[in-house]
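The next block holds one structure in the form of structure tokens; read it before the comments.
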Amino acid sequence: MTAALPLRVYVMEVGPLAENAYIVEHVESRKAAVVDPGDEGEEILSRIAERGITLDKILLTHGHFDHVGAVRTLRERTGAQIHVHAEEVERMRTAGRQGGMFGLSVENPPAPDVLVREGDVVELGDQRFRVLHTPGHTPGHVAFLTGEMAFVGDLIFAGSIGRTDLPGGSFEDLIRAVREKIFTLPDRTVLFPGHGPATTVGEEKRSNPFFTGGL
Ligand SMILES: [Zn+2]
Ligand SMILES: [Zn+2]
């Protein structure tokens, strides 16, 4: 007997900074969560409609404009609840201003519905996402872990790490968060980052130059 996977993941690269918005479909309940809808809200909504699924939750790893630019559209059109860490709320409020510094027009997201912190569990159908507080790129940055998949935002990328030179950033915090929260997961855990291709815990432990002493 082969067990069907309970969750399916679709990635959409959105906006001028090529941010990965992830649609996570719970196959049985036909409910979906979107992780970091950074831009192109209408395209995300049509993709969800095509699948015949219902958007239930919006999960935000952090408040940078390239990760939250489509939150208002999704929230207003579906009522899906916005989940974010308390330390990112102020950053979310300034999304429009952040985008302005790049010469972009970005809609400020509405206030979040649910504030999450380390150890919290967010449910999608009968599946659970565990919240990992992973500061360093921003102070309230979180990752969402479900089964053998982790949505890691701008914490770690394939072969690289998130910037730590932006306001509230800390290189030491980021390195510690990866070592303590991510590298303690099984090697086969798939990491879905905010930019670029997916990778695994084992691959990054072996080859990420920020952790192998190669830099
Ligand atoms: Zn960011
Ligand atoms: Zn980003």
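Going by the structure tokens order, chains are called A, B, ..., each with residues numbered from 1, while ligands are numbered from 1 in the order shown.
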
**Request:** Going by DSSP on the backbone, which bits of chain A are helix (DSSP H, G or I)? Write them as a PyMOL selection string, please.
**Result:** chain A and resi 41-51+65-68+71-78+86-93+95-101+171-182+201-207

Output of the above residues as a PDB file, in the first residue's frame, restricted to C-alpha atoms:
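Full text of part-v8.pdb as output:
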```pdb
ATOM      1  CA  GLY A  41      -2.500  38.379  -5.679  1.00  0.00           C
ATOM      2  CA  GLU A  42      -4.838  37.907  -8.642  1.00  0.00           C
ATOM      3  CA  GLU A  43      -2.594  35.204 -10.137  1.00  0.00           C
ATOM      4  CA  ILE A  44      -2.413  33.417  -6.793  1.00  0.00           C
ATOM      5  CA  LEU A  45      -6.216  33.550  -6.495  1.00  0.00           C
ATOM      6  CA  SER A  46      -6.717  32.140 -10.006  1.00  0.00           C
ATOM      7  CA  ARG A  47      -4.274  29.314  -9.311  1.00  0.00           C
ATOM      8  CA  ILE A  48      -6.257  28.472  -6.160  1.00  0.00           C
ATOM      9  CA  ALA A  49      -9.560  28.678  -8.050  1.00  0.00           C
ATOM     10  CA  GLU A  50      -8.211  26.383 -10.821  1.00  0.00           C
ATOM     11  CA  ARG A  51      -7.388  23.767  -8.192  1.00  0.00           C
ATOM     12  CA  PHE A  65       7.387  44.021   1.362  1.00  0.00           C
ATOM     13  CA  ASP A  66       8.433  41.348  -1.144  1.00  0.00           C
ATOM     14  CA  HIS A  67       6.767  38.698   1.091  1.00  0.00           C
ATOM     15  CA  VAL A  68       3.553  40.534   2.038  1.00  0.00           C
ATOM     16  CA  VAL A  71      -1.711  39.879   1.582  1.00  0.00           C
ATOM     17  CA  ARG A  72      -4.388  42.575   1.353  1.00  0.00           C
ATOM     18  CA  THR A  73      -5.856  41.150  -1.868  1.00  0.00           C
ATOM     19  CA  LEU A  74      -5.948  37.592  -0.501  1.00  0.00           C
ATOM     20  CA  ARG A  75      -7.338  38.624   2.906  1.00  0.00           C
ATOM     21  CA  GLU A  76     -10.076  40.838   1.454  1.00  0.00           C
ATOM     22  CA  ARG A  77     -11.166  38.349  -1.216  1.00  0.00           C
ATOM     23  CA  THR A  78     -11.110  35.158   0.883  1.00  0.00           C
ATOM     24  CA  ALA A  86       4.371  39.973  16.822  1.00  0.00           C
ATOM     25  CA  GLU A  87       7.819  41.406  16.107  1.00  0.00           C
ATOM     26  CA  GLU A  88       6.969  41.653  12.378  1.00  0.00           C
ATOM     27  CA  VAL A  89       3.722  43.602  12.714  1.00  0.00           C
ATOM     28  CA  GLU A  90       5.373  47.005  12.574  1.00  0.00           C
ATOM     29  CA  ARG A  91       7.478  45.925   9.562  1.00  0.00           C
ATOM     30  CA  MET A  92       4.319  44.759   7.755  1.00  0.00           C
ATOM     31  CA  ARG A  93       2.779  48.177   8.332  1.00  0.00           C
ATOM     32  CA  ALA A  95       5.544  47.485   3.458  1.00  0.00           C
ATOM     33  CA  GLY A  96       4.385  50.342   1.225  1.00  0.00           C
ATOM     34  CA  ARG A  97       7.277  52.529   2.350  1.00  0.00           C
ATOM     35  CA  GLN A  98       9.803  49.666   1.942  1.00  0.00           C
ATOM     36  CA  GLY A  99       8.606  49.078  -1.620  1.00  0.00           C
ATOM     37  CA  GLY A 100       8.795  52.831  -2.284  1.00  0.00           C
ATOM     38  CA  MET A 101      12.529  52.726  -1.576  1.00  0.00           C
ATOM     39  CA  PHE A 171      24.332  37.556  11.539  1.00  0.00           C
ATOM     40  CA  GLU A 172      24.974  35.745  14.862  1.00  0.00           C
ATOM     41  CA  ASP A 173      21.249  35.218  15.469  1.00  0.00           C
ATOM     42  CA  LEU A 174      20.731  33.879  11.945  1.00  0.00           C
ATOM     43  CA  ILE A 175      23.606  31.382  12.142  1.00  0.00           C
ATOM     44  CA  ARG A 176      22.379  30.210  15.549  1.00  0.00           C
ATOM     45  CA  ALA A 177      18.773  29.869  14.302  1.00  0.00           C
ATOM     46  CA  VAL A 178      19.876  27.705  11.364  1.00  0.00           C
ATOM     47  CA  ARG A 179      22.094  25.497  13.546  1.00  0.00           C
ATOM     48  CA  GLU A 180      19.557  25.083  16.361  1.00  0.00           C
ATOM     49  CA  LYS A 181      16.213  25.044  14.530  1.00  0.00           C
ATOM     50  CA  ILE A 182      16.933  23.811  10.997  1.00  0.00           C
ATOM     51  CA  VAL A 201      18.767  20.045   5.351  1.00  0.00           C
ATOM     52  CA  GLY A 202      21.362  17.416   4.396  1.00  0.00           C
ATOM     53  CA  GLU A 203      22.439  19.284   1.257  1.00  0.00           C
ATOM     54  CA  GLU A 204      22.906  22.591   3.117  1.00  0.00           C
ATOM     55  CA  LYS A 205      24.800  20.915   5.971  1.00  0.00           C
ATOM     56  CA  ARG A 206      27.166  19.414   3.369  1.00  0.00           C
ATOM     57  CA  SER A 207      27.640  22.335   1.015  1.00  0.00           C
TER      58      SER A 207
END
```

**Message:** Using only C-alpha atoms and all ligand atoms, which residues of the polymer chains come no farther than 12 Å from ligand 2? I'd like the answer as an NGL selection string.
**Reply:** :A and (13-21 or 36-39 or 60-69 or 98-99 or 137-138 or 141 or 152-157 or 161-164 or 166 or 193-196)

Restrict the selected residues to C-alpha atoms and save them as a compact mmCIF listing (two decimals), in the first residue's frame.
```txt
# COMPACT_ATOMS: atom_id res chain seq x y z
CA GLU A 13 7.70 33.15 -8.32
CA VAL A 14 6.13 36.58 -7.90
CA GLY A 15 7.06 40.25 -8.13
CA PRO A 16 10.22 42.09 -9.18
CA LEU A 17 12.36 40.44 -6.46
CA ALA A 18 11.32 36.93 -7.66
CA GLU A 19 9.86 35.92 -4.32
CA ASN A 20 8.50 32.39 -3.85
CA ALA A 21 4.84 32.33 -2.83
CA ASP A 36 4.45 34.60 1.84
CA PRO A 37 2.13 35.96 -0.88
CA GLY A 38 4.57 38.68 -1.91
CA ASP A 39 2.89 39.98 -5.06
CA LEU A 60 4.02 34.98 6.83
CA THR A 61 7.67 34.27 7.59
CA HIS A 62 8.42 38.00 8.04
CA GLY A 63 7.19 41.49 7.17
CA HIS A 64 9.38 42.53 4.22
CA PHE A 65 7.39 44.02 1.36
CA ASP A 66 8.43 41.35 -1.14
CA HIS A 67 6.77 38.70 1.09
CA VAL A 68 3.55 40.53 2.04
CA GLY A 69 2.58 42.60 -1.03
CA GLN A 98 9.80 49.67 1.94
CA GLY A 99 8.61 49.08 -1.62
CA HIS A 137 17.18 38.25 8.84
CA THR A 138 14.54 40.10 10.89
CA HIS A 141 11.25 35.88 11.38
CA VAL A 152 12.07 29.00 5.71
CA GLY A 153 11.53 32.46 4.17
CA ASP A 154 14.76 34.48 4.01
CA LEU A 155 16.55 32.49 6.73
CA ILE A 156 18.50 30.13 4.47
CA PHE A 157 18.69 29.61 0.70
CA ILE A 161 21.69 32.76 3.74
CA GLY A 162 19.37 35.74 4.12
CA ARG A 163 20.73 39.27 4.39
CA THR A 164 21.54 40.41 7.92
CA LEU A 166 18.90 45.31 7.03
CA PRO A 193 13.06 29.26 0.77
CA GLY A 194 11.71 32.72 -0.01
CA HIS A 195 13.92 33.00 -3.10
CA GLY A 196 15.51 30.44 -5.41
```

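Atom CA of A:Thr189 to atom CA of A:Val114 spans 26.4 Å [interatomic distance, one decimal].
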
Please build the interface table for stretch 120-206 of chain A against stretch 31-34 of chain A with a cut-off of 10 Å, listing for each qualifying residue the nearest atom pair and the distance in Å to one decimal; count only C-alpha atoms, order rows by chain and increasing number, and write it as a Markdown table.
```
| residue | atom | partner | partner_atom | distance |
| --- | --- | --- | --- | --- |
| A:Glu123 | CA | A:Ala33 | CA | 9.6 |
| A:Leu124 | CA | A:Lys31 | CA | 6.9 |
| A:Gly125 | CA | A:Lys31 | CA | 6.7 |
```

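Closest approach to ligand 1 from the set A:Phe183, A:Thr54, A:Pro135, A:Gly213 is made by A:Pro135, with distances taken over only C-alpha atoms and all ligand atoms.
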
Could you give me the residues within stretch 43-190 of chain A that DSSP places in strand (DSSP E or B), as a PDB file with C-alpha atoms, in the first residue's frame?
```
ATOM      1  CA  THR A  54     -10.358  27.167  -0.572  1.00  0.00           C
ATOM      2  CA  LEU A  55      -7.786  29.530   0.890  1.00  0.00           C
ATOM      3  CA  ASP A  56      -7.895  29.062   4.653  1.00  0.00           C
ATOM      4  CA  LYS A  57      -4.682  30.595   6.012  1.00  0.00           C
ATOM      5  CA  ILE A  58      -1.994  33.119   5.134  1.00  0.00           C
ATOM      6  CA  LEU A  59       1.342  32.284   6.782  1.00  0.00           C
ATOM      7  CA  GLN A  81      -6.539  34.536   8.474  1.00  0.00           C
ATOM      8  CA  ILE A  82      -3.130  36.221   8.533  1.00  0.00           C
ATOM      9  CA  HIS A  83      -0.520  34.569  10.791  1.00  0.00           C
ATOM     10  CA  VAL A  84       2.707  36.382  11.712  1.00  0.00           C
ATOM     11  CA  HIS A  85       5.077  36.882  14.657  1.00  0.00           C
ATOM     12  CA  VAL A 114      -3.180  35.600  14.653  1.00  0.00           C
ATOM     13  CA  LEU A 115       0.184  36.325  16.289  1.00  0.00           C
ATOM     14  CA  VAL A 116       2.400  33.238  16.325  1.00  0.00           C
ATOM     15  CA  VAL A 121       0.843  24.935  15.939  1.00  0.00           C
ATOM     16  CA  VAL A 122      -1.190  26.138  12.943  1.00  0.00           C
ATOM     17  CA  GLU A 123      -3.642  23.603  11.514  1.00  0.00           C
ATOM     18  CA  LEU A 124      -4.594  23.008   7.899  1.00  0.00           C
ATOM     19  CA  GLN A 127      -2.151  18.611   9.176  1.00  0.00           C
ATOM     20  CA  ARG A 128      -0.119  20.721  11.544  1.00  0.00           C
ATOM     21  CA  PHE A 129       2.489  23.414  10.924  1.00  0.00           C
ATOM     22  CA  ARG A 130       4.872  24.022  13.817  1.00  0.00           C
ATOM     23  CA  VAL A 131       6.185  27.562  14.227  1.00  0.00           C
ATOM     24  CA  LEU A 132       9.961  27.900  14.624  1.00  0.00           C
ATOM     25  CA  HIS A 133      11.201  31.334  15.697  1.00  0.00           C
ATOM     26  CA  VAL A 142       9.671  32.415  11.665  1.00  0.00           C
ATOM     27  CA  ALA A 143       9.759  29.161   9.706  1.00  0.00           C
ATOM     28  CA  PHE A 144       6.778  26.802   9.349  1.00  0.00           C
ATOM     29  CA  LEU A 145       7.513  23.088   9.665  1.00  0.00           C
ATOM     30  CA  THR A 146       5.084  20.391   8.559  1.00  0.00           C
ATOM     31  CA  MET A 149       8.867  20.178   4.769  1.00  0.00           C
ATOM     32  CA  ALA A 150       9.936  23.544   6.167  1.00  0.00           C
ATOM     33  CA  PHE A 151       9.059  26.945   4.735  1.00  0.00           C
ATOM     34  CA  VAL A 152      12.070  29.004   5.714  1.00  0.00           C
ATOM     35  CA  GLY A 153      11.531  32.462   4.168  1.00  0.00           C
ATOM     36  CA  ILE A 156      18.501  30.131   4.473  1.00  0.00           C
ATOM     37  CA  PHE A 157      18.694  29.610   0.696  1.00  0.00           C
ATOM     38  CA  SER A 160      23.409  30.939   0.871  1.00  0.00           C
ATOM     39  CA  ILE A 161      21.693  32.756   3.739  1.00  0.00           C
ATOM     40  CA  VAL A 190      12.910  19.746   2.283  1.00  0.00           C
TER      41      VAL A 190
END
```

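Nearest residue to ligand 1 among A:Glu25, A:Asp165, A:Glu118, A:Asp187 is A:Asp165, counting only C-alpha atoms and all ligand atoms.
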
**Request:** Would you please work out which residue, of A:Pro139, A:Pro209, A:Gly147, A:Gly103, is nearest to A:Arg188 when using only C-alpha atoms?
**Result:** A:Gly147

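From atom CA of A:Gly168 back to atom CA of A:Thr134, the distance works out to 12.8 Å.
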
**Message:** Nearest residue to A:Gly79 out of A:Phe102, A:Glu107, A:Thr212, A:Asp113, using only C-alpha atoms?
**Reply:** A:Asp113

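The shortest atom-to-atom distance to ligand 1, with only C-alpha atoms and all ligand atoms taken into account, belongs to A:Gly136 out of A:Thr184, A:Gly136, A:Gly119, A:Asn208.
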
**Prompt:** To one decimal place, how far is atom CA of A:Phe210 from atom CA of A:Glu148 in Å?
**Reply:** 23.0 Å
